[in-house]
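One structure is given below, encoded as structure tokens.
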Amino acid sequence: MNRFITTALSVAALAATTGCMSPPTNLDVALTRPTVDKKYVVTLQPPATPAAINQLHSWQVRVASSAGVPVAHVRITVDGGMPQHGHGLPTKPQVTQELPGGTYLIEGMKFSMTGWWEIKLAIDTPDSPDGADKVTFNTVVAQPVAGR
Amino acid sequence: MRRLHSMAWILGSMFATCAALTVTLVQAADGQATSRADRWSTEDRAVLASLSLKRLPPVPVDPSNAVEQQPAAVAPGKRLFNDARFSSNGAVSCATCHDPQQQFQDGLPVGQGVGTGSRRAMPIVGAGYSPWLFWDGRKDSVWAQALGPLEDAVEHGGNRTRYAHLMAEHYRKDYESLFKAMPRIEGLPRDAGPNGSAAELAAWAAMDDRQRENVSRVFSNMGKAISAYEKSLQHEPSRLDRYVDAVLANDRSAQGILRANEVSGLRLFIGKAQCVTCHNGPLFTDQQFHNTGVPPRNTASPDRGRAAATAKVRRDEFNCLGPFSDALPGQCQELRFMVSDDPALEGAFKTPGLRGVAQRPPYMHAGQITTLEQVVRHYIEAPHAKLGHSELTHTHASKTKSTHRERAPIELTEAEVADLVSFLGTLNMDRQPAVAAR
């Protein structure tokens, strides 16, 4: 028991002193989230196979009303970065196509390192009274497993 | 849309590198590991594998350069690279600052061509992996990069019409076997160009559009041949690669490849020293731009780095979207999605790769730091940036408003500084870069 406590304390002490860039343990990585003012529910779809570090790739995003009805013709701007490193995205991704069902294509996504990234979407609906809202997603880019 | 939870994508959320590293260290402290701390957790092994030269993919094909994959372009490119006739004083070639015997750099704080430059000459091997060339990324291909110094007043100091004449006189056969027929250069002024002296500018302005385009076409094709040579150069495996490969193969001989202090330095590099956050992958660079508060060489006029470069690359006539590019517009994705409005670009410079780093002082974008030990101490001291804001954190950051409070300061003991420096020597180049078999 003593040994367990010693080890646990050592883990805690080392975790505190190593200063490593582990993502927060309670990080919410849900891919469907309500926007800040609850006007929309937004779903992000990453590529089926995670892109390699520094490889340009595309995501899809689906925008629905709070009642779940797909919302067409919204304007989406993409921002983000690494909160633990104080830098933004290495590229400026853009929505380049509107697809059926309130779905939009985001091109120009790129992650330059492993770790916790934020993807921030600002949504505006020029043709509808619902108005602007925003949402932030968390994603953790993992190191590929050795030997694969 | 149902399979939204891509498991692989969130694999690391709970089991990130550092947590595993911590556990490994605890095991070692607990007497569960061997006296030589060469045991690596599964997560550590993944990080080690990511650094191995075996993980380096083939160099990306540049759609803007139709000849870079032609083996016949390599030899003329190499001759051009070494040809000092392409300079205002007949004494400066690409190899002057990018010496093949010194990892294609010159060991000087700033370049010395026909005059004195303002930044450090960068190594060339592996340059083709970067979407942005130069310390500030003001070029978007290796061939466009090669053209910059040729017209720079303090580097080669020449002009593109002079170079087009030299190509017609000395490289016509090579040129015409790689490209189309050499356009008619005869009769044009000897010295004329859009980036030269007042006389050269005037002579350039006096030429007609077709003549200017012909000269620029020959000039751009010079860069494309030089790029074919540069992109054919490959890194040779270092002692670290041999160690990582042995560790991953569970080969006990791994312990004979690195010394204990080098292994400790490697642990720091991928752990609490945080080096691997930016110096990642087989080339030890994320290929991005960061402000780490390196003191500017010219304090009166600090170098803005990336912030001043995005407009240059966007309007560069030799970029991927320009008239001399072989790419379709849809292939120029990096330029299309380039970040240009981020305040973090102020005073930011490209992360340099670290292969062979211990053999090529001085360091940083203008050779401001003389030794690797001082470089490591810079990251610990984490001074405020003279221009823009440093991404590094230090305890002194709490005295001022920090925008990135969550980044941990880099704190190392004297012994750890020494171990980290020792580790960097495991990336030494034992052999000259190889030319890839095509």
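Ordering of the structure tokens sets the chain letters (A, B, ...); residue numbers start at 1 within each chain; ligands are numbered from 1 in the order shown.
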
Run DSSP on the backbone of this structure and report the residues of range 162-244 of chain B it assigns to helix (DSSP H, G or I), as a PyMOL selection string. chain B and resi 162-170+172-178+198-206+209-232+239-244

Keeping C-alpha atoms, export the residues of the selection given above as an mmCIF file, in the first residue's frame.
```
data_model
loop_
_atom_site.group_PDB
_atom_site.id
_atom_site.type_symbol
_atom_site.label_atom_id
_atom_site.label_comp_id
_atom_site.auth_asym_id
_atom_site.auth_seq_id
_atom_site.Cartn_x
_atom_site.Cartn_y
_atom_site.Cartn_z
ATOM 1 C CA ARG B 162 22.764 38.243 -68.000
ATOM 2 C CA TYR B 163 21.849 34.749 -66.862
ATOM 3 C CA ALA B 164 19.729 34.063 -69.944
ATOM 4 C CA HIS B 165 22.716 34.999 -72.140
ATOM 5 C CA LEU B 166 24.958 32.634 -70.126
ATOM 6 C CA MET B 167 22.397 29.860 -70.505
ATOM 7 C CA ALA B 168 22.273 30.401 -74.272
ATOM 8 C CA GLU B 169 26.067 30.414 -74.498
ATOM 9 C CA HIS B 170 26.971 27.560 -72.142
ATOM 10 C CA ARG B 172 21.939 25.517 -74.721
ATOM 11 C CA LYS B 173 22.102 21.799 -75.395
ATOM 12 C CA ASP B 174 21.067 20.819 -71.863
ATOM 13 C CA TYR B 175 18.381 23.455 -71.895
ATOM 14 C CA GLU B 176 16.849 22.341 -75.149
ATOM 15 C CA SER B 177 16.883 18.676 -74.160
ATOM 16 C CA LEU B 178 14.911 19.478 -70.999
ATOM 17 C CA ALA B 198 18.748 51.659 -61.899
ATOM 18 C CA ALA B 199 20.509 50.967 -65.212
ATOM 19 C CA GLU B 200 19.325 47.344 -65.232
ATOM 20 C CA LEU B 201 15.781 48.415 -64.405
ATOM 21 C CA ALA B 202 15.844 50.953 -67.247
ATOM 22 C CA ALA B 203 17.170 48.386 -69.717
ATOM 23 C CA TRP B 204 14.475 45.941 -68.573
ATOM 24 C CA ALA B 205 11.765 48.579 -69.025
ATOM 25 C CA ALA B 206 13.015 49.239 -72.567
ATOM 26 C CA ASP B 209 6.747 42.138 -73.097
ATOM 27 C CA ARG B 210 7.708 39.184 -75.245
ATOM 28 C CA GLN B 211 11.418 39.734 -74.699
ATOM 29 C CA ARG B 212 10.921 40.048 -70.958
ATOM 30 C CA GLU B 213 8.847 36.903 -70.891
ATOM 31 C CA ASN B 214 11.465 34.988 -72.880
ATOM 32 C CA VAL B 215 14.226 36.017 -70.491
ATOM 33 C CA SER B 216 12.109 35.217 -67.446
ATOM 34 C CA ARG B 217 11.223 31.848 -68.981
ATOM 35 C CA VAL B 218 14.894 30.902 -69.374
ATOM 36 C CA PHE B 219 15.617 32.201 -65.888
ATOM 37 C CA SER B 220 12.755 30.195 -64.331
ATOM 38 C CA ASN B 221 13.927 27.047 -66.115
ATOM 39 C CA MET B 222 17.384 27.513 -64.581
ATOM 40 C CA GLY B 223 15.707 27.323 -61.183
ATOM 41 C CA LYS B 224 13.784 24.226 -62.216
ATOM 42 C CA ALA B 225 16.981 22.395 -63.178
ATOM 43 C CA ILE B 226 18.735 23.476 -59.969
ATOM 44 C CA SER B 227 15.709 22.247 -58.021
ATOM 45 C CA ALA B 228 15.940 18.814 -59.700
ATOM 46 C CA TYR B 229 19.491 18.525 -58.347
ATOM 47 C CA GLU B 230 18.630 19.855 -54.885
ATOM 48 C CA LYS B 231 15.614 17.596 -54.499
ATOM 49 C CA SER B 232 17.701 14.574 -55.479
ATOM 50 C CA ARG B 239 23.473 7.329 -35.111
ATOM 51 C CA LEU B 240 20.048 8.220 -33.723
ATOM 52 C CA ASP B 241 18.338 6.453 -36.640
ATOM 53 C CA ARG B 242 20.359 3.322 -35.974
ATOM 54 C CA TYR B 243 19.434 3.515 -32.276
ATOM 55 C CA VAL B 244 15.719 4.039 -32.951
#
```

Using only C-alpha atoms, which protein or nucleic acid residues come within 6 Å of Tyr104 in chain A? Drop anything in the same chain fewer than 4 positions from it, and give the result as a PyMOL selection string. chain A and resi 60-61+97-99

CA of Val41 in chain A to CA of Phe337 in chain B, distance in Å rounded to a single decimal: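 It comes out at 26.3 Å.
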
Mind checking which residues fall within 7 Å of range 91-95 of chain A, counting only C-alpha atoms, ignoring those fewer than 5 positions away in the same chain, and posting them as a list of chain:residue names?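 The contact residues come out as A:Ile76, A:Thr77, A:Val78, A:Tyr104, A:Leu105, A:Ile106, A:Glu107, A:Gly108, A:Met109, A:Lys110, B:Phe337, B:Met338, B:Val339.
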
Excluding range 320-324 of chain B and any residue of its chain fewer than 5 positions from it, enumerate the residues within 6 Å of it, using only C-alpha atoms, and give them as a list in words. Ser64, Pro329 and Cys332 of chain B
